[in-house]
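> Structure in structure tokens, see below.
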Number of protein chains: 2
Amino acid sequence: MLRTALTDMFGIEHPIVLAPMGGVSGGRLAAAVSNAGGLGLVGGGYGDSGWLSRELSLVKSQTSHPWGVGLITWSADASIVDLALGYRPYAVMLSFGDPRPYGSIVKAAGCHLICQVQDVAGARLALEAGADVIVAQGTEAGGHGAGRSTLALVPAVVDAVTPTTVLAAGGIADGRGLAAALMLGAQGALIGTRFYASKEALGHPQAKRMIVDARGEDTCRTTVFDVVRKLAWPQPYDGRALRNGFVERWRGREEELAAQVDTQYHVYASAVQAADHDVAVVWAGEGVDLINGIEPAGDIVQRMATEATDRLRWGGRLA
Amino acid sequence: MLRTALTDMFGIEHPIVLAPMGGVSGGRLAAAVSNAGGLGLVGGGYGDSGWLSRELSLVKSQTSHPWGVGLITWSADASIVDLALGYRPYAVMLSFGDPRPYGSIVKAAGCHLICQVQDVAGARLALEAGADVIVAQGTEAGGHGAGRSTLALVPAVVDAVTPTTVLAAGGIADGRGLAAALMLGAQGALIGTRFYASKEALGHPQAKRMIVDARGEDTCRTTVFDVVRKLAWPQPYDGRALRNGFVERWRGREEELAAQVDTQYHVYASAVQAADHDVAVVWAGEGVDLINGIEPAGDIVQRMATEATDRLRWGGRLA
């Protein structure tokens with residue numbers, strides 16, 4: 001039990017939050033994290049209402065602990081925000097875009113607002129949106145994000161928004177990273193890739209295995225998977241993924257890919273259908289070196305909390 | 001006093017090492033850090049023997065505490081290694097290149113060998129070289145380096161080289177970062193940019209002021225300053241610097257710059273003479289948000305150690 005402003009806010013046991021990974025953080029994974037004493041967030045992705053309704057029903061049925069849902073701000077609309085709030089989540093997390101318009105709706109519903117940001121200017125905007133929690137996300141993170149690194153970004157955000165609660169995200173995959181996040185002034189960590197390689201994650205078994213096998217150098221930030229999927233991600237966002245044949249082929253030739261997108265879109269979609277991960281994306285963060293197996297999410301939460309506690313006790317004795 | 005494997009190895013008080021910044025970490029700065037209880041390393045740069053002899057004489061005359069010297073491995077030759085060893089440093093640090101050839105010379109002289117690496121493969125090479133200390137340097141760092149981020153790299157290197165002593169470098173500019181480094185499994189931190197903005201650093205006062213004023217987003221990694229100076233840095237190294245007019249003009253057009261280098265070399269050299277930092281490089285890391293003044297290096301060491309101790313005590317109580 002590591003008691004911080006985050007655990008107090010939600011009445012949870014561990015300052016560990018599941019990143020709302022689109023297509024990966026379904027209701028079952030979110031519930032498993034919440035049942036283990038963390039805070040599970042379902043990944044709303046690009047606003048597929050059928051998928052989201054099913055997964056939110058699932059998380060509600062599988063846990064009586066606090067849970068939440070994450071949305072991609074620029075891609076969301078009022079109806080998907082309303083749909084999410086209709087399930088009465090304990091928290092809605094908004095990432096990637098100006099959080100103010102939907103933030104006010106979330107707050108008006110009496111729900112905790114979590115905003116994920118990639119720089120200090122974004123953190124100030126999150127404050128304006130009424131954020132209860134601000135996630136400072138570094139470039140180490142898997143999936144979408146931007147360019148600043150976690151270690152230097154987190155204390156800069158803390159200095160800018162104190163006393164608002166800050167979480168660290170990006171590159172944290174074990175209890176050492178969680179303990180480091182607390183030293184930086186964060187009140188907990190938002191963790192994605194480590195939970196992708198869990199039993200309950202919705203990702204393909206082969207994708208999970210690739211995460212276990214990868215080293216940090218096998219990841220890169222890229223826009224090619226957004227270009228080929230015709231997703232209009234605004235600047236400055238790109239995403240960190242495992243290097244595969246597709247990214248090696250198109251990285252640095254994004255304009256050429258865009259010019260051929262009508263053909264490549266279908267090539268890509270077929271690869272996704274066939275679970276061909278030499279083409280289809282596997283989002284993954286730099287922390288993959290620290291991931292050595294596909295495990296139940298609850299075990300991951302427990303080990304991370306225990307390891308962080310041990311590290312903090314060691315540090316306390318050092319001082 | 002934070003006692004770690006690093007402080008035990010050198011008999012020093014704080015696990016804080018001055019990065020050997022070329023042209024910035026002179027004898028006076030190194031001595032100030034060592035006199036405050038850290039380990040000061042003089043920056044050997046590109047092997048100017050006159051400069052190095054003067055600064056090594058200076059550090060020897062100004063401190064009776066342990067100190068060292070850092071060399072750029074790919075640019076060094078046996079004579080500069082011998083010159084450095086002739087001053088009987090407590091440590092020689094080798095960065096950027098295969099450390100094995102000079103590493104054996106350093107070890108044969110009975111001197112501690114510190115190797116700085118940017119990935120796990122480099123850490124394994126450092127072990128082969130007989131490194132007593134391995135610095136895992138993240139991409140947040142100012143000056144030369146590579147692509148991996150500190151937060152995820154440090155524990156991966158620790159896992160690969162335990163029980164060898166590891167230091168964290170990159171993005172650490174205050175006691176929070178030092179405490180975080182210890183949580184990650186490092187035995188201390190190597191710190192550059194924070195000491196650039198010190199009274200004793202050899203950098204230009206305007207450069208120091210620019211570091212104080214900058215935000216993390218104002219830095220970028222680039223090769224343009226190497227191209228224009230005709231420095232043959234090997235792959236995968238580039239350097240993090242403050243964005244200025246010169247880098248904005250040439251970044252992404254490095255081949256064009258190389259084609260005009262005979263002209264641009266003189267333009268650049270004149271700007272250095274004139275201390276025109278809209279052209280001349282100011283190396284700086286992402287931790288600049290955390291730097292709020294130009295201070296005596298000893299004060300920086302003391303505050304960093306005190307702040308880290310306070311954070312670690314807080315963390316120990318949390319657990």
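Just so we're on the same page: first chain in the structure tokens is A, next is B, and so on; residues restart at 1 for each chain, and ligands are numbered from 1 in the order they show up.
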Give me the chain B side of the contact with chain A, cut-off 8 Å, one line per residue showing its nearest atom pair and distance in Å at one decimal, counting only C-alpha atoms, sorted by chain and residue number, as a tab-separated table.

residue	atom	partner	partner_atom	distance
B:Met1	CA	A:Ala319	CA	7.2
B:Leu2	CA	A:Ala319	CA	5.8
B:Arg3	CA	A:Leu318	CA	6.5
B:Thr4	CA	A:Leu318	CA	7.9
B:Asp119	CA	A:Glu217	CA	7.9
B:Glu140	CA	A:Ser149	CA	6.6
B:Arg148	CA	A:Glu217	CA	7.2
B:Ser149	CA	A:Glu140	CA	6.6
B:Thr150	CA	A:Leu151	CA	7.1
B:Leu151	CA	A:Gly171	CA	6.1
B:Ala152	CA	A:Gly171	CA	5.0
B:Leu153	CA	A:Gly216	CA	7.8
B:Pro155	CA	A:Arg176	CA	7.6
B:Ala156	CA	A:Asp289	CA	6.0
B:Gly171	CA	A:Ala152	CA	5.0
B:Ile172	CA	A:Ala152	CA	6.8
B:Arg176	CA	A:Leu184	CA	5.0
B:Gly177	CA	A:Leu184	CA	6.2
B:Ala179	CA	A:Met183	CA	5.9
B:Ala180	CA	A:Ala180	CA	4.0
B:Ala181	CA	A:Ala180	CA	6.9
B:Leu182	CA	A:Gly315	CA	7.5
B:Met183	CA	A:Ala180	CA	5.2
B:Leu184	CA	A:Arg176	CA	4.9
B:Gly185	CA	A:Arg176	CA	7.4
B:Gly216	CA	A:Arg148	CA	7.4
B:Glu217	CA	A:Arg148	CA	7.2
B:Glu286	CA	A:Ala152	CA	6.2
B:Gly287	CA	A:Ala152	CA	5.1
B:Asp289	CA	A:Ala156	CA	6.0
B:Leu290	CA	A:Ala156	CA	6.5
B:Thr309	CA	A:Ala319	CA	5.2
B:Asp310	CA	A:Ala319	CA	7.7
B:Arg311	CA	A:Met183	CA	6.0
B:Leu312	CA	A:Gly316	CA	5.1
B:Arg313	CA	A:Gly316	CA	4.7
B:Trp314	CA	A:Gly316	CA	7.4
B:Gly315	CA	A:Leu312	CA	5.3
B:Gly316	CA	A:Gly316	CA	4.0
B:Arg317	CA	A:Gly316	CA	7.3
B:Leu318	CA	A:Leu2	CA	6.0
B:Ala319	CA	A:Thr309	CA	5.2
> So which bits of segment 38-282 of chain A end up helix (DSSP H, G or I) when you DSSP the backbone, as a PyMOL selection string?
chain A and resi 49-62+73-75+78-86+100-108+120-128+150-161+175-183+193-196+205-213+216-218+224-228+245-250+254-259+261-273
> I need the residues from that last selection saved to file as a short mmCIF file (atom, residue, chain, number, x, y, z; two decimals), in the first residue's frame (with C-alpha atoms), if you can.

data_model
loop_
_atom_site.label_atom_id
_atom_site.label_comp_id
_atom_site.auth_asym_id
_atom_site.auth_seq_id
_atom_site.Cartn_x
_atom_site.Cartn_y
_atom_site.Cartn_z
CA SER A 49 -19.85 3.18 -29.82
CA GLY A 50 -20.72 -0.54 -30.13
CA TRP A 51 -17.28 -1.64 -28.93
CA LEU A 52 -17.25 0.93 -26.14
CA SER A 53 -20.73 0.03 -24.88
CA ARG A 54 -19.80 -3.63 -24.71
CA GLU A 55 -16.52 -3.04 -22.87
CA LEU A 56 -18.01 -0.53 -20.43
CA SER A 57 -20.80 -2.99 -19.60
CA LEU A 58 -18.10 -5.59 -19.06
CA VAL A 59 -15.95 -3.51 -16.70
CA LYS A 60 -19.04 -2.53 -14.67
CA SER A 61 -20.05 -6.17 -14.34
CA GLN A 62 -16.57 -7.39 -13.37
CA THR A 73 -9.94 14.27 -27.54
CA TRP A 74 -9.54 15.37 -31.17
CA SER A 75 -11.44 12.33 -32.42
CA ALA A 78 -20.26 14.91 -27.59
CA SER A 79 -22.22 11.70 -28.17
CA ILE A 80 -19.27 9.44 -27.26
CA VAL A 81 -18.55 11.52 -24.16
CA ASP A 82 -22.22 11.18 -23.18
CA LEU A 83 -22.14 7.45 -23.89
CA ALA A 84 -19.10 7.04 -21.61
CA LEU A 85 -20.60 9.17 -18.83
CA GLY A 86 -23.81 7.13 -19.06
CA ARG A 100 -11.65 22.25 -22.28
CA PRO A 101 -14.87 21.60 -24.25
CA TYR A 102 -15.40 17.98 -23.10
CA GLY A 103 -13.71 18.60 -19.77
CA SER A 104 -16.54 20.85 -18.68
CA ILE A 105 -19.09 18.14 -19.61
CA VAL A 106 -17.16 15.54 -17.60
CA LYS A 107 -16.90 17.83 -14.58
CA ALA A 108 -20.59 18.80 -14.82
CA VAL A 120 4.02 22.27 -19.76
CA ALA A 121 1.77 24.38 -22.00
CA GLY A 122 -0.61 21.42 -22.26
CA ALA A 123 -0.57 21.07 -18.49
CA ARG A 124 -1.68 24.69 -18.12
CA LEU A 125 -4.54 24.02 -20.56
CA ALA A 126 -5.51 20.97 -18.50
CA LEU A 127 -5.71 23.17 -15.41
CA GLU A 128 -8.07 25.49 -17.28
CA THR A 150 9.32 11.54 -18.85
CA LEU A 151 12.24 12.11 -16.45
CA ALA A 152 12.59 15.81 -17.20
CA LEU A 153 8.95 16.50 -18.10
CA VAL A 154 7.31 15.26 -14.90
CA PRO A 155 9.05 17.64 -12.44
CA ALA A 156 8.53 20.54 -14.88
CA VAL A 157 4.80 19.79 -14.99
CA VAL A 158 4.68 19.34 -11.20
CA ASP A 159 6.29 22.77 -10.75
CA ALA A 160 3.74 24.31 -13.13
CA VAL A 161 0.53 22.81 -11.68
CA GLY A 175 8.27 -0.99 -9.56
CA ARG A 176 11.57 0.82 -10.08
CA GLY A 177 9.93 3.12 -12.59
CA LEU A 178 6.94 3.67 -10.29
CA ALA A 179 9.23 4.55 -7.38
CA ALA A 180 11.19 6.90 -9.65
CA ALA A 181 7.94 8.59 -10.73
CA LEU A 182 7.10 9.27 -7.08
CA MET A 183 10.56 10.79 -6.50
CA THR A 193 2.81 -1.51 -22.57
CA ARG A 194 3.44 -3.59 -19.43
CA PHE A 195 -0.32 -4.35 -19.33
CA TYR A 196 -0.49 -5.01 -23.08
CA PRO A 205 -1.22 -13.25 -28.63
CA GLN A 206 1.52 -12.79 -31.23
CA ALA A 207 1.63 -9.04 -30.53
CA LYS A 208 2.00 -9.73 -26.82
CA ARG A 209 4.82 -12.18 -27.52
CA MET A 210 6.59 -9.59 -29.71
CA ILE A 211 6.46 -7.11 -26.82
CA VAL A 212 8.03 -9.66 -24.48
CA ASP A 213 10.79 -10.38 -27.00
CA GLY A 216 13.83 -0.68 -26.35
CA GLU A 217 15.84 -0.07 -29.53
CA ASP A 218 13.27 -2.11 -31.45
CA VAL A 224 3.14 5.81 -40.94
CA PHE A 225 0.48 3.74 -39.20
CA ASP A 226 -1.74 6.82 -38.94
CA VAL A 227 -1.18 7.77 -42.57
CA VAL A 228 -2.05 4.30 -43.86
CA GLY A 245 8.72 -4.38 -42.14
CA PHE A 246 6.01 -1.82 -42.84
CA VAL A 247 7.55 0.96 -40.77
CA GLU A 248 11.03 0.26 -42.11
CA ARG A 249 9.63 0.49 -45.64
CA TRP A 250 7.70 3.76 -45.23
CA GLU A 254 5.29 9.39 -45.46
CA GLU A 255 4.24 11.67 -48.34
CA GLU A 256 4.71 8.86 -50.85
CA LEU A 257 2.63 6.59 -48.61
CA ALA A 258 -0.10 9.23 -48.41
CA ALA A 259 -0.14 9.44 -52.22
CA VAL A 261 -3.02 5.44 -49.47
CA ASP A 262 -6.05 4.07 -51.31
CA THR A 263 -4.07 0.98 -52.29
CA GLN A 264 -2.04 0.71 -49.09
CA TYR A 265 -5.11 1.09 -46.89
CA HIS A 266 -6.40 -2.24 -48.19
CA VAL A 267 -2.99 -3.93 -47.95
CA TYR A 268 -2.82 -2.79 -44.35
CA ALA A 269 -6.38 -3.82 -43.50
CA SER A 270 -5.75 -7.31 -44.90
CA ALA A 271 -2.61 -7.61 -42.77
CA VAL A 272 -4.60 -6.65 -39.67
CA GLN A 273 -7.19 -9.32 -40.56
#
> Suppose you want the space between atom CA of Ala275 of chain B and atom CA of Gly44 of chain B; what is it in Å?
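So the two atoms, atom CA of Ala275 of chain B and atom CA of Gly44 of chain B, lie 21.5 Å apart.
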> Which one is closest to Gly143 of chain B: B:His112, B:Arg240, B:His204, B:Arg221? Count only C-alpha atoms.
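So, comparing all the options, the nearest one is B:Arg240.
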> Within 6 Å of Gln116 of chain B, counting only C-alpha atoms, which residues show up once you throw out same-chain ones fewer than 4 positions away? Write them as a PDB file with N, CA, C and O atoms, in the first residue's frame, please.

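Contents of out11.pdb, as written:
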ATOM      1  N   SER B  95      33.656   8.032 -23.537  1.00  0.00           N
ATOM      2  CA  SER B  95      32.302   8.114 -24.098  1.00  0.00           C
ATOM      3  C   SER B  95      32.379   8.070 -25.612  1.00  0.00           C
ATOM      4  O   SER B  95      33.291   8.653 -26.197  1.00  0.00           O
ATOM      5  N   ILE B 134      29.503   2.234 -15.177  1.00  0.00           N
ATOM      6  CA  ILE B 134      28.872   2.408 -16.490  1.00  0.00           C
ATOM      7  C   ILE B 134      27.809   3.491 -16.372  1.00  0.00           C
ATOM      8  O   ILE B 134      26.910   3.406 -15.530  1.00  0.00           O
ATOM      9  N   VAL B 135      27.934   4.519 -17.193  1.00  0.00           N
ATOM     10  CA  VAL B 135      26.949   5.600 -17.218  1.00  0.00           C
ATOM     11  C   VAL B 135      25.950   5.299 -18.326  1.00  0.00           C
ATOM     12  O   VAL B 135      26.330   5.219 -19.495  1.00  0.00           O
TER      13      VAL B 135
END
> What lies within 12 Å of Ile72 of chain B using only C-alpha atoms, ignoring chain neighbours under 5 positions off, as number ranges by chain?
B: 20-22, 42-48, 77, 80-81, 92-99, 102, 115-117, 143-145, 231-234, 237
> Quick one, how far is atom CA of Ala136 of chain A from atom CA of Val281 of chain B?
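Atom CA of Ala136 of chain A sits 29.0 Å away from atom CA of Val281 of chain B.
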> Hey, what does DSSP flag as strand (DSSP E or B) within segment 60-291 of chain B? Can you give it to me as JSON, numbers by chain?
{"B": [67, 68, 69, 70, 71, 72, 91, 92, 93, 94, 95, 112, 113, 114, 115, 116, 117, 133, 134, 135, 136, 137, 143, 144, 145, 165, 166, 167, 168, 169, 189, 190, 191, 198, 219, 220, 221, 222, 238, 239, 240, 241, 242, 283]}
> What lies within 8 Å of Pro66 of chain B using only C-alpha atoms, ignoring chain neighbours under 3 positions off, as a short mmCIF file (atom, residue, chain, number, x, y, z; two decimals) with N, CA and C atoms, in the first residue's frame?

data_model
loop_
_atom_site.label_atom_id
_atom_site.label_comp_id
_atom_site.auth_asym_id
_atom_site.auth_seq_id
_atom_site.Cartn_x
_atom_site.Cartn_y
_atom_site.Cartn_z
N PHE B 10 34.87 5.88 -4.57
CA PHE B 10 35.77 7.02 -4.65
C PHE B 10 36.01 7.70 -3.30
N GLY B 11 35.29 7.25 -2.28
CA GLY B 11 35.42 7.92 -0.99
C GLY B 11 34.92 9.36 -1.04
N ILE B 12 33.82 9.56 -1.76
CA ILE B 12 33.24 10.91 -1.86
C ILE B 12 31.95 10.97 -1.07
N SER B 34 34.16 18.63 -6.95
CA SER B 34 34.85 17.69 -6.05
C SER B 34 34.96 18.26 -4.64
N LEU B 39 32.02 14.32 -7.66
CA LEU B 39 33.20 13.92 -8.43
C LEU B 39 33.24 14.78 -9.69
N GLY B 40 34.22 15.67 -9.75
CA GLY B 40 34.33 16.56 -10.91
C GLY B 40 35.14 15.92 -12.02
N THR B 63 41.96 21.16 -5.83
CA THR B 63 41.26 20.22 -4.95
C THR B 63 42.19 19.10 -4.51
N PRO B 89 44.69 11.10 -12.53
CA PRO B 89 43.28 11.28 -12.15
C PRO B 89 42.78 10.05 -11.39
N TYR B 90 41.73 10.23 -10.60
CA TYR B 90 41.09 9.10 -9.92
C TYR B 90 40.22 8.29 -10.88
#
